[in-house]
>>> print(open('protein07.tsv').read())   # TSV, C-alpha atoms and all ligand atoms
chain	number	residue	atom	x	y	z
A	1	MET	CA	-72.47	23.98	4.90
A	2	ARG	CA	-70.54	23.82	1.62
A	3	VAL	CA	-66.82	24.43	2.06
A	4	LEU	CA	-63.93	24.88	-0.37
A	5	VAL	CA	-60.49	23.93	0.96
A	6	THR	CA	-57.71	25.15	-1.32
A	7	GLY	CA	-54.50	23.17	-0.84
A	8	GLY	CA	-56.77	20.47	0.59
A	9	ALA	CA	-54.53	17.60	-0.47
A	10	GLY	CA	-51.61	18.93	1.59
A	11	PHE	CA	-50.66	18.21	5.19
A	12	LEU	CA	-52.95	20.68	7.00
A	13	GLY	CA	-55.58	20.78	4.24
A	14	SER	CA	-56.20	17.03	4.35
A	15	HIS	CA	-56.76	17.12	8.13
A	16	LEU	CA	-59.13	20.06	7.67
A	17	CYS	CA	-61.14	18.17	5.02
A	18	GLU	CA	-61.42	15.23	7.42
A	19	HIS	CA	-62.62	17.38	10.34
A	20	LEU	CA	-65.12	19.26	8.15
A	21	LEU	CA	-66.62	16.00	6.86
A	22	GLU	CA	-66.93	14.77	10.45
A	23	ARG	CA	-68.97	17.91	11.20
A	24	GLY	CA	-71.34	17.08	8.34
A	25	ALA	CA	-70.06	19.65	5.82
A	26	GLU	CA	-69.88	19.13	2.08
A	27	VAL	CA	-66.21	19.56	1.17
A	28	ILE	CA	-64.63	20.54	-2.13
A	29	CYS	CA	-60.89	19.98	-2.01
A	30	MET	CA	-58.94	21.89	-4.64
A	31	ASP	CA	-55.25	21.23	-5.21
A	32	SER	CA	-52.59	21.31	-7.91
A	33	PHE	CA	-50.55	18.57	-6.15
A	34	LEU	CA	-47.44	20.75	-6.31
A	35	THR	CA	-46.43	19.69	-2.79
A	36	GLY	CA	-49.53	17.73	-1.75
A	37	SER	CA	-50.83	14.43	-3.03
A	38	PRO	CA	-54.16	12.71	-3.69
A	39	ARG	CA	-52.84	9.99	-1.34
A	40	ASN	CA	-53.48	12.37	1.58
A	41	VAL	CA	-57.22	12.31	0.90
A	42	GLU	CA	-57.68	8.91	-0.73
A	43	HIS	CA	-59.40	7.62	2.44
A	44	LEU	CA	-62.09	10.32	1.90
A	45	MET	CA	-62.78	9.59	-1.76
A	46	ASP	CA	-65.76	7.29	-1.18
A	47	ARG	CA	-67.54	9.84	1.04
A	48	PRO	CA	-70.45	11.30	-0.99
A	49	ALA	CA	-69.90	14.74	0.62
A	50	PHE	CA	-66.27	14.91	-0.58
A	51	ARG	CA	-64.96	16.03	-3.96
A	52	LEU	CA	-61.36	16.38	-5.06
A	53	ILE	CA	-60.64	18.75	-7.97
A	54	GLU	CA	-57.19	19.13	-9.51
A	55	THR	CA	-56.76	22.87	-10.20
A	56	ASP	CA	-53.90	25.32	-10.18
A	57	LEU	CA	-55.33	28.27	-8.30
A	58	THR	CA	-53.14	30.71	-10.19
A	59	GLY	CA	-55.14	29.97	-13.36
A	60	PHE	CA	-58.89	30.19	-13.98
A	61	VAL	CA	-60.90	28.98	-10.97
A	62	HIS	CA	-64.56	28.10	-10.98
A	63	VAL	CA	-66.77	26.23	-8.52
A	64	PRO	CA	-70.37	25.52	-9.54
A	65	GLY	CA	-73.07	26.10	-6.89
A	66	SER	CA	-73.00	27.88	-3.59
A	67	LEU	CA	-70.16	28.15	-1.08
A	68	ASP	CA	-70.48	29.13	2.58
A	69	LEU	CA	-66.80	29.05	3.49
A	70	ILE	CA	-63.42	29.10	1.76
A	71	LEU	CA	-60.36	27.96	3.70
A	72	HIS	CA	-57.40	29.14	1.64
A	73	LEU	CA	-54.36	26.98	2.34
A	74	ALA	CA	-52.86	26.54	-1.12
A	75	SER	CA	-49.14	27.39	-0.98
A	76	ALA	CA	-45.89	25.54	-0.65
A	77	ALA	CA	-45.04	25.83	3.04
A	78	SER	CA	-41.72	24.15	3.83
A	79	PRO	CA	-38.50	26.05	3.07
A	80	VAL	CA	-37.27	23.21	0.84
A	81	ASP	CA	-40.50	23.39	-1.16
A	82	TYR	CA	-40.74	27.16	-1.53
A	83	LEU	CA	-37.08	27.54	-2.39
A	84	ARG	CA	-37.54	24.86	-5.07
A	85	HIS	CA	-40.70	26.62	-6.33
A	86	PRO	CA	-40.05	30.34	-5.67
A	87	ILE	CA	-42.15	31.79	-8.51
A	88	GLU	CA	-45.02	29.34	-7.94
A	89	THR	CA	-45.02	30.35	-4.26
A	90	LEU	CA	-45.20	34.06	-5.10
A	91	LYS	CA	-47.89	33.35	-7.69
A	92	VAL	CA	-50.14	31.31	-5.42
A	93	GLY	CA	-49.79	33.86	-2.59
A	94	SER	CA	-50.74	36.70	-4.93
A	95	LEU	CA	-52.76	35.48	-7.95
A	96	GLY	CA	-54.02	32.35	-6.17
A	97	THR	CA	-55.23	34.40	-3.21
A	98	LEU	CA	-56.81	36.94	-5.56
A	99	HIS	CA	-58.73	34.18	-7.34
A	100	ALA	CA	-59.86	32.58	-4.08
A	101	LEU	CA	-61.01	35.98	-2.81
A	102	GLY	CA	-62.87	36.62	-6.07
A	103	LEU	CA	-64.69	33.35	-5.52
A	104	ALA	CA	-65.55	34.31	-1.91
A	105	LYS	CA	-66.95	37.63	-3.15
A	106	GLU	CA	-68.98	35.98	-5.91
A	107	LYS	CA	-70.45	33.35	-3.55
A	108	GLY	CA	-70.85	35.56	-0.47
A	109	ALA	CA	-68.69	33.06	1.43
A	110	ARG	CA	-66.59	33.64	4.52
A	111	PHE	CA	-62.89	33.48	3.61
A	112	VAL	CA	-60.12	32.36	5.97
A	113	LEU	CA	-56.52	32.92	4.88
A	114	ALA	CA	-53.92	30.50	6.23
A	115	SER	CA	-51.15	32.99	6.87
A	116	THR	CA	-48.02	32.25	8.83
A	117	SER	CA	-45.80	33.25	11.72
A	118	GLU	CA	-43.21	33.91	8.97
A	119	VAL	CA	-44.87	37.30	8.42
A	120	TYR	CA	-43.00	38.26	11.63
A	121	GLY	CA	-39.68	37.37	9.93
A	122	ASP	CA	-36.70	37.25	12.29
A	123	PRO	CA	-38.66	38.93	15.09
A	124	LEU	CA	-37.42	41.80	17.23
A	125	GLU	CA	-40.38	41.30	19.59
A	126	HIS	CA	-40.76	38.13	21.65
A	127	PRO	CA	-43.23	36.47	21.99
A	128	GLN	CA	-44.92	37.68	18.82
A	129	ARG	CA	-48.23	39.49	19.20
A	130	GLU	CA	-50.56	40.18	16.29
A	131	THR	CA	-49.78	43.90	16.60
A	132	TYR	CA	-46.11	43.31	15.68
A	133	TRP	CA	-45.34	44.27	12.06
A	134	GLY	CA	-42.40	41.93	11.62
A	135	ASN	CA	-38.80	42.00	10.45
A	136	VAL	CA	-38.64	40.48	6.96
A	137	ASN	CA	-35.80	40.84	4.46
A	138	PRO	CA	-37.68	41.56	1.19
A	139	VAL	CA	-34.81	40.29	-0.99
A	140	GLY	CA	-33.70	37.35	1.18
A	141	PRO	CA	-34.28	33.79	-0.06
A	142	ARG	CA	-37.24	33.26	2.32
A	143	SER	CA	-38.97	36.39	1.03
A	144	VAL	CA	-40.74	34.39	-1.70
A	145	TYR	CA	-42.85	32.85	1.06
A	146	ASP	CA	-42.87	35.59	3.70
A	147	GLU	CA	-43.69	38.43	1.32
A	148	ALA	CA	-46.27	36.36	-0.58
A	149	LYS	CA	-48.09	35.77	2.71
A	150	ARG	CA	-47.78	39.43	3.71
A	151	PHE	CA	-49.23	40.42	0.33
A	152	ALA	CA	-52.01	37.82	0.78
A	153	GLU	CA	-52.86	39.36	4.17
A	154	SER	CA	-53.03	42.76	2.51
A	155	LEU	CA	-55.31	41.41	-0.23
A	156	ALA	CA	-57.64	39.76	2.30
A	157	THR	CA	-57.80	43.06	4.21
A	158	ALA	CA	-58.51	45.09	1.06
A	159	TYR	CA	-61.33	42.71	0.08
A	160	ARG	CA	-62.83	43.15	3.53
A	161	ASN	CA	-62.61	46.92	3.46
A	162	ALA	CA	-63.26	47.72	-0.21
A	163	ALA	CA	-65.31	44.81	-1.45
A	164	THR	CA	-67.14	43.98	1.82
A	165	THR	CA	-66.12	40.34	1.64
A	166	ASP	CA	-66.12	38.50	4.97
A	167	THR	CA	-62.40	37.75	5.27
A	168	ALA	CA	-60.31	36.56	8.21
A	169	ILE	CA	-56.63	35.85	8.77
A	170	VAL	CA	-55.01	33.15	10.90
A	171	ARG	CA	-51.26	33.25	11.44
A	172	ILE	CA	-50.25	29.64	11.89
A	173	PHE	CA	-47.10	28.76	13.84
A	174	ASN	CA	-45.02	25.60	13.25
A	175	THR	CA	-47.41	22.67	13.12
A	176	TYR	CA	-46.48	18.99	12.94
A	177	GLY	CA	-48.20	15.63	12.75
A	178	PRO	CA	-49.08	12.68	10.55
A	179	ARG	CA	-48.98	13.26	6.75
A	180	MET	CA	-45.97	15.54	6.78
A	181	ARG	CA	-43.59	14.30	4.13
A	182	PRO	CA	-40.44	12.66	5.54
A	183	TYR	CA	-38.28	14.63	3.09
A	184	ASP	CA	-40.10	17.99	3.17
A	185	GLY	CA	-37.09	19.52	4.92
A	186	ARG	CA	-38.94	20.81	8.01
A	187	ALA	CA	-37.18	20.05	11.29
A	188	ILE	CA	-39.61	17.58	12.86
A	189	PRO	CA	-40.03	15.20	9.88
A	190	THR	CA	-36.29	15.41	9.22
A	191	PHE	CA	-35.34	14.60	12.83
A	192	ILE	CA	-37.89	11.76	13.08
A	193	ARG	CA	-36.78	10.20	9.77
A	194	GLN	CA	-33.12	10.44	10.74
A	195	ALA	CA	-33.77	9.05	14.25
A	196	LEU	CA	-35.88	6.13	12.99
A	197	ASN	CA	-33.16	5.28	10.45
A	198	ASP	CA	-30.40	5.64	13.10
A	199	GLU	CA	-28.77	8.29	10.90
A	200	PRO	CA	-27.10	11.42	12.35
A	201	ILE	CA	-29.68	14.06	13.33
A	202	THR	CA	-28.77	17.33	11.61
A	203	VAL	CA	-29.36	20.35	13.82
A	204	THR	CA	-28.71	23.71	12.17
A	205	GLY	CA	-26.42	26.30	13.79
A	206	ASP	CA	-25.67	25.56	17.44
A	207	GLY	CA	-29.26	24.42	18.01
A	208	SER	CA	-30.06	27.31	20.38
A	209	GLN	CA	-32.66	28.85	18.04
A	210	THR	CA	-36.20	28.22	19.23
A	211	ARG	CA	-39.53	27.18	17.76
A	212	SER	CA	-42.94	26.66	19.32
A	213	ILE	CA	-44.48	23.51	17.94
A	214	CYS	CA	-48.19	22.80	17.71
A	215	TYR	CA	-49.80	19.40	17.10
A	216	VAL	CA	-51.96	19.31	13.97
A	217	ASP	CA	-55.26	18.57	15.77
A	218	ASP	CA	-54.84	21.75	17.83
A	219	THR	CA	-54.08	23.87	14.76
A	220	ILE	CA	-57.13	22.48	12.92
A	221	THR	CA	-59.40	23.22	15.91
A	222	GLY	CA	-58.00	26.77	15.94
A	223	ILE	CA	-58.60	27.34	12.22
A	224	LEU	CA	-62.15	26.00	12.51
A	225	ALA	CA	-62.83	28.17	15.59
A	226	MET	CA	-61.82	31.17	13.46
A	227	ALA	CA	-64.04	29.97	10.59
A	228	ASP	CA	-67.00	29.64	12.99
A	229	SER	CA	-66.50	33.10	14.51
A	230	ASP	CA	-67.13	36.53	13.02
A	231	PHE	CA	-63.64	37.69	14.02
A	232	THR	CA	-61.43	39.16	11.29
A	233	GLY	CA	-58.05	38.66	12.97
A	234	PRO	CA	-55.22	38.41	12.30
A	235	VAL	CA	-54.95	35.89	15.10
A	236	ASN	CA	-52.03	33.66	16.09
A	237	ILE	CA	-52.72	29.93	16.10
A	238	GLY	CA	-49.90	28.05	17.77
A	239	ASN	CA	-48.65	26.40	20.91
A	240	PRO	CA	-46.62	28.81	23.07
A	241	ALA	CA	-44.48	25.98	24.54
A	242	GLU	CA	-41.06	26.95	23.18
A	243	VAL	CA	-38.14	24.56	22.64
A	244	THR	CA	-34.64	24.96	21.25
A	245	MET	CA	-33.87	22.92	18.14
A	246	LEU	CA	-31.28	20.95	20.11
A	247	GLU	CA	-33.86	20.07	22.79
A	248	LEU	CA	-36.27	19.03	20.05
A	249	ALA	CA	-33.66	16.75	18.43
A	250	GLU	CA	-32.84	15.18	21.83
A	251	THR	CA	-36.52	14.63	22.67
A	252	ILE	CA	-37.14	12.93	19.32
A	253	ARG	CA	-34.05	10.78	19.75
A	254	ASP	CA	-35.27	9.71	23.22
A	255	LEU	CA	-38.85	9.02	22.09
A	256	THR	CA	-37.68	6.87	19.17
A	257	GLY	CA	-35.07	5.04	21.27
A	258	SER	CA	-32.60	5.84	18.49
A	259	SER	CA	-28.82	5.54	18.62
A	260	SER	CA	-28.40	8.52	16.24
A	261	SER	CA	-25.69	11.06	16.93
A	262	ILE	CA	-26.52	14.78	16.75
A	263	VAL	CA	-24.45	16.76	14.26
A	264	PHE	CA	-24.43	20.51	13.62
A	265	VAL	CA	-24.81	21.88	10.07
A	266	PRO	CA	-24.87	25.50	8.82
A	267	ARG	CA	-28.01	27.53	9.49
A	268	PRO	CA	-29.97	28.73	6.45
A	269	ALA	CA	-29.95	32.45	5.60
A	270	ASP	CA	-32.43	34.63	7.55
A	271	ASP	CA	-33.46	31.67	9.72
A	272	PRO	CA	-35.44	33.21	12.65
A	273	ALA	CA	-33.63	33.04	15.99
A	274	VAL	CA	-36.80	32.76	18.07
A	275	ARG	CA	-40.45	31.99	17.48
A	276	ARG	CA	-43.26	31.94	20.04
A	277	PRO	CA	-46.86	33.01	19.64
A	278	ASP	CA	-48.69	35.19	22.09
A	279	THR	CA	-52.05	33.39	22.08
A	280	ASP	CA	-54.05	35.71	24.36
A	281	LEU	CA	-56.11	36.98	21.42
A	282	ALA	CA	-57.03	33.45	20.29
A	283	ALA	CA	-58.04	32.64	23.87
A	284	SER	CA	-60.17	35.75	24.35
A	285	ARG	CA	-61.79	35.97	20.89
A	286	LEU	CA	-62.04	32.29	19.93
A	287	GLY	CA	-61.89	30.53	23.30
A	288	TRP	CA	-59.06	28.47	21.80
A	289	HIS	CA	-55.73	27.28	23.07
A	290	ALA	CA	-53.51	24.32	22.20
A	291	THR	CA	-53.99	21.29	24.44
A	292	VAL	CA	-51.75	18.48	23.12
A	293	PRO	CA	-48.38	18.35	24.95
A	294	ALA	CA	-45.34	18.07	22.68
A	295	VAL	CA	-44.35	14.62	23.95
A	296	GLU	CA	-47.81	13.25	23.18
A	297	GLY	CA	-47.99	14.88	19.73
A	298	LEU	CA	-44.48	13.74	18.86
A	299	ARG	CA	-45.31	10.17	19.93
A	300	ARG	CA	-48.34	10.11	17.58
A	301	THR	CA	-46.25	11.58	14.77
A	302	ILE	CA	-43.40	9.10	15.29
A	303	ASP	CA	-45.90	6.20	15.19
A	304	TRP	CA	-47.20	7.42	11.84
A	305	PHE	CA	-43.72	7.95	10.40
A	306	SER	CA	-42.68	4.44	11.49
A	307	THR	CA	-45.32	2.97	9.19
A	308	GLN	CA	-44.51	5.38	6.33
A	309	LEU	CA	-40.81	4.65	6.36
A	310	GLN	CA	-41.54	0.98	5.77
A	311	ARG	CA	-42.95	1.92	2.35
A	312	PRO	CA	-40.77	1.92	-0.76
A	313	GLU	CA	-38.39	4.88	-0.98
A	314	GLU	CA	-40.07	6.41	-4.06
A	315	LEU	CA	-43.34	6.77	-2.11
A	316	THR	CA	-41.76	8.59	0.80
A	317	ARG	CA	-39.25	10.77	-1.08
A	318	ARG	CA	-41.73	13.14	-2.76
B	401	LIG	P1	-48.42	21.52	2.16
B	401	LIG	O1	-47.33	21.81	1.20
B	401	LIG	O2	-48.54	20.13	2.70
B	401	LIG	O3	-49.83	21.93	1.55
B	401	LIG	C1	-50.00	22.97	0.65
B	401	LIG	C2	-50.92	22.49	-0.46
B	401	LIG	O4	-51.14	23.57	-1.40
B	401	LIG	C3	-50.33	21.33	-1.25
B	401	LIG	O5	-51.25	20.27	-1.31
B	401	LIG	C4	-50.04	21.93	-2.62
B	401	LIG	O6	-50.09	20.98	-3.66
B	401	LIG	C5	-51.11	23.01	-2.71
B	401	LIG	N1	-50.81	24.05	-3.68
B	401	LIG	C6	-49.65	24.75	-3.83
B	401	LIG	N2	-49.75	25.61	-4.85
B	401	LIG	C7	-51.00	25.47	-5.37
B	401	LIG	C8	-51.71	26.07	-6.44
B	401	LIG	N3	-51.15	27.02	-7.22
B	401	LIG	N4	-52.98	25.69	-6.69
B	401	LIG	C9	-53.57	24.74	-5.93
B	401	LIG	N5	-52.95	24.12	-4.89
B	401	LIG	C10	-51.68	24.48	-4.63
B	401	LIG	O7	-48.24	22.57	3.37
B	401	LIG	P2	-49.02	22.68	4.76
B	401	LIG	O8	-48.03	22.57	5.83
B	401	LIG	O9	-50.21	21.82	4.77
B	401	LIG	O10	-49.47	24.21	4.71
B	401	LIG	C11	-50.77	24.57	4.31
B	401	LIG	C12	-50.97	26.07	4.47
B	401	LIG	O11	-50.80	26.45	5.83
B	401	LIG	C13	-50.00	26.90	3.65
B	401	LIG	O12	-50.67	28.01	3.11
B	401	LIG	C14	-48.98	27.34	4.67
B	401	LIG	O13	-48.40	28.56	4.33
B	401	LIG	C15	-49.81	27.45	5.92
B	401	LIG	N6	-48.98	27.27	7.13
B	401	LIG	C16	-48.55	26.03	7.49
B	401	LIG	C17	-47.75	25.90	8.61
B	401	LIG	C18	-47.26	24.55	9.09
B	401	LIG	O14	-46.54	24.51	10.08
B	401	LIG	N7	-47.63	23.45	8.48
B	401	LIG	C19	-47.34	27.03	9.33
B	401	LIG	C20	-47.78	28.28	8.88
B	401	LIG	C21	-48.61	28.39	7.79
>>> encode(input="protein07.tsv", output="structure tokens", more="lines below")
Ligand code: NAD
Amino acid sequence: MRVLVTGGAGFLGSHLCEHLLERGAEVICMDSFLTGSPRNVEHLMDRPAFRLIETDLTGFVHVPGSLDLILHLASAASPVDYLRHPIETLKVGSLGTLHALGLAKEKGARFVLASTSEVYGDPLEHPQRETYWGNVNPVGPRSVYDEAKRFAESLATAYRNAATTDTAIVRIFNTYGPRMRPYDGRAIPTFIRQALNDEPITVTGDGSQTRSICYVDDTITGILAMADSDFTGPVNIGNPAEVTMLELAETIRDLTGSSSSIVFVPRPADDPAVRRPDTDLAASRLGWHATVPAVEGLRRTIDWFSTQLQRPEELTRR
């Protein structure tokens, strides 16, 4: 099995590369390092079955030899990142996806698109089922990410229907775990960093908005179950256990034993009020559901962040 992981040096991509190598696959990891880093895969560099290639997927892309599977994860994913790189995000969702699909067509490879729960926007249906079309503001600040992913889903579908390429779509819900960047702006790394440093924990709005958080190992198992199947999706991959942001901040404060206060700051524009996957389709078609309880996943993540935050500031800031 020869697999290309685009965005493989990012948070999810690096875990995927690791799991694929454990299964005996040959893994080509392609990344521009826009938001990822070679550090995330440096522990894999001496494995003969692993290759890291620095490439911007929006430019010319070539992979010599055969490919059985392409897992397309390249894209900034945290709001801080995609708002800092709006055009790059639109380009990788459109041109980058087009190039990755072209490669899948050329090689006869199965193609799995890492889409997102953000295609549902600020949802008017709760929990979100795959049949829901979403509520996205096309000119809001988050649209650079949401609409890029919606366009990528459309591209993957067109390649399946018109170009008979074996494409599939997973809609990933909020995932957390080791190798998230402490300053990437997502809630869990922010809360953990603030709690470990005994700084005020910044909850946006009144903290009543909800998210459903999934530990990285569960998300990876879900993506790989989709890759192994012949299902086209789209399918939700997430943990339906839903928490308010205030509950999440309090849990992290308790687990870290921190003396941080909790402070409320303004909510970003178009921030979804609720988010919870309906995972019945993943259960019935892939036999998959999340298994790691939030407290356990958060403990593992906090342990990892504790070691990271002891590193010099310039290594953790990026
Ligand atoms: P990440 O930022 O850690 O990883 C994304 C990777 O893509 C980075 O390594 C980055 O350098 C790379 N990249 C960006 N533009 C590129 C380009 N033009 N060419 C090559 N590489 C490029 O983010 P992540 O959390 O690991 O997310 C990975 C994927 O999963 C993304 O597509 C994201 O939309 C999707 N996803 C993630 C989550 C989550 O909770 N982590 C939720 C939903 C969807």
>>> residues_around(input="protein07.tsv", residues="Glu88 in chain A", least_positions_apart="6", cutoff="12 Å", atoms="all atoms listed in the file", output="PyMOL selection string")
chain A and resi 32+34-35+56-59+74-77+81-82+94-96+144-145+148
>>> closest_residue(input="protein07.tsv", among="A:Pro240, A:Pro141, A:Leu20, A:Phe305", to="Arg84 in chain A", atoms="all atoms listed in the file")
A:Pro141
>>> atom_distance(input="protein07.tsv", atom1="CA of Phe50 in chain A", atom2="CA of Ile70 in chain A")
14.7 Å
>>> closest_residue(input="protein07.tsv", among="A:Val274, A:Ile220, A:Val292, A:Val3", to="ligand LIG 401 (chain B)", atoms="only C-alpha atoms and all ligand atoms")
A:Ile220
>>> atom_distance(input="protein07.tsv", atom1="CA of His15 in chain A", atom2="CA of Ile192 in chain A")
20.2 Å
>>> residues_around(input="protein07.tsv", residues="Leu155 in chain A", least_positions_apart="4", cutoff="8 Å", atoms="only C-alpha atoms", output="list of chain:residue names")
A:Thr97, A:Leu98, A:Phe151, A:Tyr159
>>> atom_distance(input="protein07.tsv", atom1="CA of His85 in chain A", atom2="CA of Asn135 in chain A")
22.8 Å
>>> residues_near_point(input="protein07.tsv", point="(-28.6, 6.4, 13.1)", cutoff="12 Å", atoms="all atoms listed in the file", output="list of chain:residue names")
A:Phe191, A:Ile192, A:Arg193, A:Gln194, A:Ala195, A:Leu196, A:Asn197, A:Asp198, A:Glu199, A:Pro200, A:Ile201, A:Thr202, A:Arg253, A:Thr256, A:Gly257, A:Ser258, A:Ser259, A:Ser260, A:Ser261, A:Ile262, A:Val263
>>> closest_residue(input="protein07.tsv", among="A:Ala162, A:Val92, A:Ala25, A:Ala225", to="ligand LIG 401 (chain B)", atoms="only C-alpha atoms and all ligand atoms")
A:Val92
>>> axis_aligned_box(input="protein07.tsv", around="ligand LIG 401 (chain B)", padding_each_side="8 Å", output="JSON")
{"center_x": -50.1, "center_y": 24.3, "center_z": 1.4, "size_x": 23.0, "size_y": 24.4, "size_z": 33.3}
>>> residues_around(input="protein07.tsv", residues="Glu242 in chain A", least_positions_apart="3", cutoff="10 Å", atoms="all atoms listed in the file", output="number ranges by chain")
A: 127, 210-214, 239, 245, 247-248, 274-277, 294
>>> closest_residue(input="protein07.tsv", among="A:His72, A:His126, A:Arg300, A:His62", to="ligand LIG 401 (chain B)", atoms="all atoms listed in the file")
A:His72
>>> closest_residue(input="protein07.tsv", among="A:Glu54, A:Asp217, A:Glu18, A:Glu118", to="Pro293 in chain A", atoms="all atoms listed in the file")
A:Asp217
>>> closest_residue(input="protein07.tsv", among="A:Leu73, A:Ala49, A:Leu286, A:Leu101", to="ligand LIG 401 (chain B)", atoms="all atoms listed in the file")
A:Leu73
>>> residues_around(input="protein07.tsv", residues="Asp230 in chain A", least_positions_apart="5", cutoff="10 Å", atoms="only C-alpha atoms", output="list in words")
Arg110, Asp166, Thr167, Ala168, Ala225, Arg285 and Leu286 of chain A
>>> residues_around(input="protein07.tsv", residues="Ala290 in chain A", least_positions_apart="6", cutoff="12 Å", atoms="all atoms listed in the file", output="list in words")
Phe173, Thr175, Ser212, Ile213, Cys214, Tyr215, Val216, Asp217, Asp218, Thr219, Ile220, Thr221, Gly222, Ile223, Asn236, Ile237, Gly238, Asn239, Pro240, Ala241, Pro277, Asp278, Thr279, Asp280, Ala282, Ala283 and Gly297 of chain A
>>> decode(input="protein07.tsv", residues="range 41-54 of chain A", atoms="N, CA, C and O atoms", output="PDB file, in the first residue's frame")
ATOM      1  N   VAL A  41       6.978  15.317  12.250  1.00  0.00           N
ATOM      2  CA  VAL A  41       7.249  13.981  11.692  1.00  0.00           C
ATOM      3  C   VAL A  41       8.729  13.606  11.812  1.00  0.00           C
ATOM      4  O   VAL A  41       9.152  12.617  11.226  1.00  0.00           O
ATOM      5  N   GLU A  42       9.482  14.374  12.582  1.00  0.00           N
ATOM      6  CA  GLU A  42      10.930  14.100  12.627  1.00  0.00           C
ATOM      7  C   GLU A  42      11.214  12.709  13.204  1.00  0.00           C
ATOM      8  O   GLU A  42      12.181  12.059  12.824  1.00  0.00           O
ATOM      9  N   HIS A  43      10.319  12.220  14.089  1.00  0.00           N
ATOM     10  CA  HIS A  43      10.513  10.889  14.678  1.00  0.00           C
ATOM     11  C   HIS A  43      10.246   9.772  13.656  1.00  0.00           C
ATOM     12  O   HIS A  43      10.474   8.605  13.957  1.00  0.00           O
ATOM     13  N   LEU A  44       9.749  10.134  12.462  1.00  0.00           N
ATOM     14  CA  LEU A  44       9.468   9.119  11.429  1.00  0.00           C
ATOM     15  C   LEU A  44      10.536   9.112  10.337  1.00  0.00           C
ATOM     16  O   LEU A  44      10.533   8.249   9.461  1.00  0.00           O
ATOM     17  N   MET A  45      11.441  10.090  10.401  1.00  0.00           N
ATOM     18  CA  MET A  45      12.360  10.319   9.280  1.00  0.00           C
ATOM     19  C   MET A  45      13.303   9.145   9.019  1.00  0.00           C
ATOM     20  O   MET A  45      13.738   8.959   7.883  1.00  0.00           O
ATOM     21  N   ASP A  46      13.636   8.366  10.044  1.00  0.00           N
ATOM     22  CA  ASP A  46      14.566   7.254   9.781  1.00  0.00           C
ATOM     23  C   ASP A  46      13.832   5.968   9.394  1.00  0.00           C
ATOM     24  O   ASP A  46      14.454   4.917   9.244  1.00  0.00           O
ATOM     25  N   ARG A  47      12.521   6.049   9.209  1.00  0.00           N
ATOM     26  CA  ARG A  47      11.783   4.847   8.766  1.00  0.00           C
ATOM     27  C   ARG A  47      11.915   4.758   7.242  1.00  0.00           C
ATOM     28  O   ARG A  47      11.535   5.698   6.530  1.00  0.00           O
ATOM     29  N   PRO A  48      12.412   3.638   6.706  1.00  0.00           N
ATOM     30  CA  PRO A  48      12.623   3.532   5.254  1.00  0.00           C
ATOM     31  C   PRO A  48      11.331   3.722   4.451  1.00  0.00           C
ATOM     32  O   PRO A  48      11.369   4.160   3.304  1.00  0.00           O
ATOM     33  N   ALA A  49      10.178   3.415   5.055  1.00  0.00           N
ATOM     34  CA  ALA A  49       8.903   3.504   4.324  1.00  0.00           C
ATOM     35  C   ALA A  49       8.317   4.917   4.356  1.00  0.00           C
ATOM     36  O   ALA A  49       7.215   5.131   3.855  1.00  0.00           O
ATOM     37  N   PHE A  50       9.064   5.872   4.936  1.00  0.00           N
ATOM     38  CA  PHE A  50       8.517   7.232   5.080  1.00  0.00           C
ATOM     39  C   PHE A  50       9.329   8.235   4.282  1.00  0.00           C
ATOM     40  O   PHE A  50      10.561   8.213   4.301  1.00  0.00           O
ATOM     41  N   ARG A  51       8.622   9.107   3.562  1.00  0.00           N
ATOM     42  CA  ARG A  51       9.297  10.180   2.821  1.00  0.00           C
ATOM     43  C   ARG A  51       8.567  11.487   3.025  1.00  0.00           C
ATOM     44  O   ARG A  51       7.337  11.537   2.912  1.00  0.00           O
ATOM     45  N   LEU A  52       9.320  12.533   3.331  1.00  0.00           N
ATOM     46  CA  LEU A  52       8.721  13.861   3.503  1.00  0.00           C
ATOM     47  C   LEU A  52       9.125  14.720   2.314  1.00  0.00           C
ATOM     48  O   LEU A  52      10.312  14.839   1.996  1.00  0.00           O
ATOM     49  N   ILE A  53       8.128  15.325   1.638  1.00  0.00           N
ATOM     50  CA  ILE A  53       8.428  16.182   0.488  1.00  0.00           C
ATOM     51  C   ILE A  53       7.817  17.556   0.733  1.00  0.00           C
ATOM     52  O   ILE A  53       6.608  17.665   0.978  1.00  0.00           O
ATOM     53  N   GLU A  54       8.658  18.590   0.656  1.00  0.00           N
ATOM     54  CA  GLU A  54       8.128  19.946   0.810  1.00  0.00           C
ATOM     55  C   GLU A  54       7.531  20.393  -0.530  1.00  0.00           C
ATOM     56  O   GLU A  54       8.243  20.512  -1.524  1.00  0.00           O
TER      57      GLU A  54
END
